[in-house]
Each structure stands twice: as structure tokens, then as C-alpha cells.
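S.K.: Supplied in C-alpha cells, the structure appears directly below.
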Amino acid sequence: MIYQIAAFIAELVMGAGGVIPPPATYFDKIQAVVKKYDILFTANDVVCACGRLGEMFGSDIYNIKPDLVSLAKALSAAYMPIGAVLVSPKISEVIYSQSNKLGAFSHGFTYSGHPVACVVALEALKIYK
């Protein structure tokens, strides 16, 4: 039986049990492995995004080039529940390619894009800048 790893998901700074940063070379070593084996790198930036570490994204602090980035909490300054996933060109090209074949971006989200949460997030992002 052949096994393949689809993705590696990393919480950039561990929030549970305290704010615990990774060892200095941890992400350099992880990125080498995921690149070698063509494994998607997903950065869970929920704790670190929106300037909480001094840069807009925790990925920038650790020089990570993720394929996907998850955001929440600070995206709205915690005033409204909202989350987002940012995708790299590698991912978006596949989405666009398949969407063009179907004629639309078909997805299975049952609840997304609430206008109030989106307005709050946009205002929070303006303040962060």
C-alpha cells in the first residue's frame, strides 16, 4: 500500500498552553521536507496574523512560503466571528482551471461572506495598516 501526505498544517506559534514559539530552525527544516516530497504547507496564522508578532503574518516572521494560510480572530479584532483562507498561486491556478471547466467556482460552503463580519474585518484591516 502506498501512502501520500497531502498537507502539513502548522500552528506558527502555539497558543494552547501559553504562547510558545518554535525552535529557531524548525520551519526551515520543515519547509525542506515538504518541498522535497511535494506536500502542501498550510500555515495556521490564527494566533499570529494581523500584526500580533510585528508583521502582518506570522509566516513573514519565520520566512515561510505557505501554500495556504488560515486567518481568524484578529481579522476582525475579535469583534465579529470571521475566518479566511489565503491561497498561493499554485493552489489558485488549480481552482481556476477546474472552475473554468465547470463554468463556475463550485464550492460547498454553507455559510460564508456575512456582510457585517466582512465590513468589520475590512475596518480592522484599515486600522492595522
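Please note that chains go A, B, ... in the order of the C-alpha cells, that every chain numbers its residues from 1, and that ligands are numbered from 1 in the order shown.
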Report as a Markdown table the residues of region 6-28 of chain A within 12 Å of region 46-56 of chain A, each with its shortest atom pair and distance in Å (one decimal), using only C-alpha atoms, ordered by chain and increasing residue number.

M.R.:
| residue | atom | partner | partner_atom | distance |
| --- | --- | --- | --- | --- |
| A:Ala10 | CA | A:Val46 | CA | 10.7 |
| A:Glu11 | CA | A:Val47 | CA | 8.0 |
| A:Leu12 | CA | A:Cys48 | CA | 7.1 |
| A:Val13 | CA | A:Cys48 | CA | 6.8 |
| A:Met14 | CA | A:Val47 | CA | 7.9 |
| A:Gly15 | CA | A:Val47 | CA | 6.6 |
| A:Ala16 | CA | A:Val47 | CA | 10.0 |
| A:Gly18 | CA | A:Val47 | CA | 11.4 |
| A:Val19 | CA | A:Val47 | CA | 9.1 |
| A:Ile20 | CA | A:Val47 | CA | 10.9 |
| A:Pro21 | CA | A:Cys48 | CA | 10.4 |

S.K.: Select from region 17-124 of chain A everything DSSP, run on the backbone, classes as strand (DSSP E), then give the selection as a list in words.

M.R.: Leu40, Phe41, Thr42, Ala43, Asn44, Leu68, Val69, Ser70, Leu71, Ala84, Val85, Leu86 and Val87 of chain A

S.K.: Skip region 112-115 of chain A itself and residues of its chain fewer than 4 positions away, then list as a list in words all residues within 9 Å of it, counting only C-alpha atoms.

M.R.: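 These residues fall inside the cut-off: Ile82, Val119 and Val120 of chain A.
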
S.K.: Those residues you just picked out, can you put them in a file as a compact mmCIF listing (two decimals), in the first residue's frame with N, CA, C and O atoms?

M.R.:
# COMPACT_ATOMS: atom_id res chain seq x y z
N ILE A 82 -15.17 35.69 12.19
CA ILE A 82 -14.85 35.63 10.76
C ILE A 82 -13.54 34.87 10.60
O ILE A 82 -12.67 34.91 11.48
N VAL A 119 -17.50 43.69 6.77
CA VAL A 119 -17.27 45.13 6.98
C VAL A 119 -16.40 45.35 8.21
O VAL A 119 -15.47 46.17 8.19
N VAL A 120 -16.68 44.62 9.27
CA VAL A 120 -15.86 44.74 10.49
C VAL A 120 -14.41 44.35 10.19
O VAL A 120 -13.48 45.04 10.60

S.K.: Of the residues A:Ala117, A:Leu71, A:Ala6, A:Ala24, which is the one nearest to Tyr37 (chain A), using only C-alpha atoms?

M.R.: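 Using only C-alpha atoms, Tyr37 (chain A) sits closest to A:Ala6.
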
S.K.: If I take CA of Leu86 (chain A) and CA of Ala43 (chain A), how far is one from the other in Å, to one decimal?

M.R.: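 That distance, rounded to one decimal, is 9.7 Å.
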
S.K.: Rounded to one decimal, what separation in Å do you get between CA of Gly103 (chain A) and CA of Ile39 (chain A)?

M.R.: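 These atoms are spaced 28.6 Å apart.
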
S.K.: What lies within 12 Å of Leu40 (chain A) using only C-alpha atoms, ignoring chain neighbours under 2 positions off, as JSON, numbers by chain?

M.R.: {"A": [4, 5, 6, 7, 8, 9, 10, 30, 31, 32, 33, 34, 35, 36, 37, 38, 42, 43, 65, 66, 67, 68, 69, 87, 88, 90, 91]}
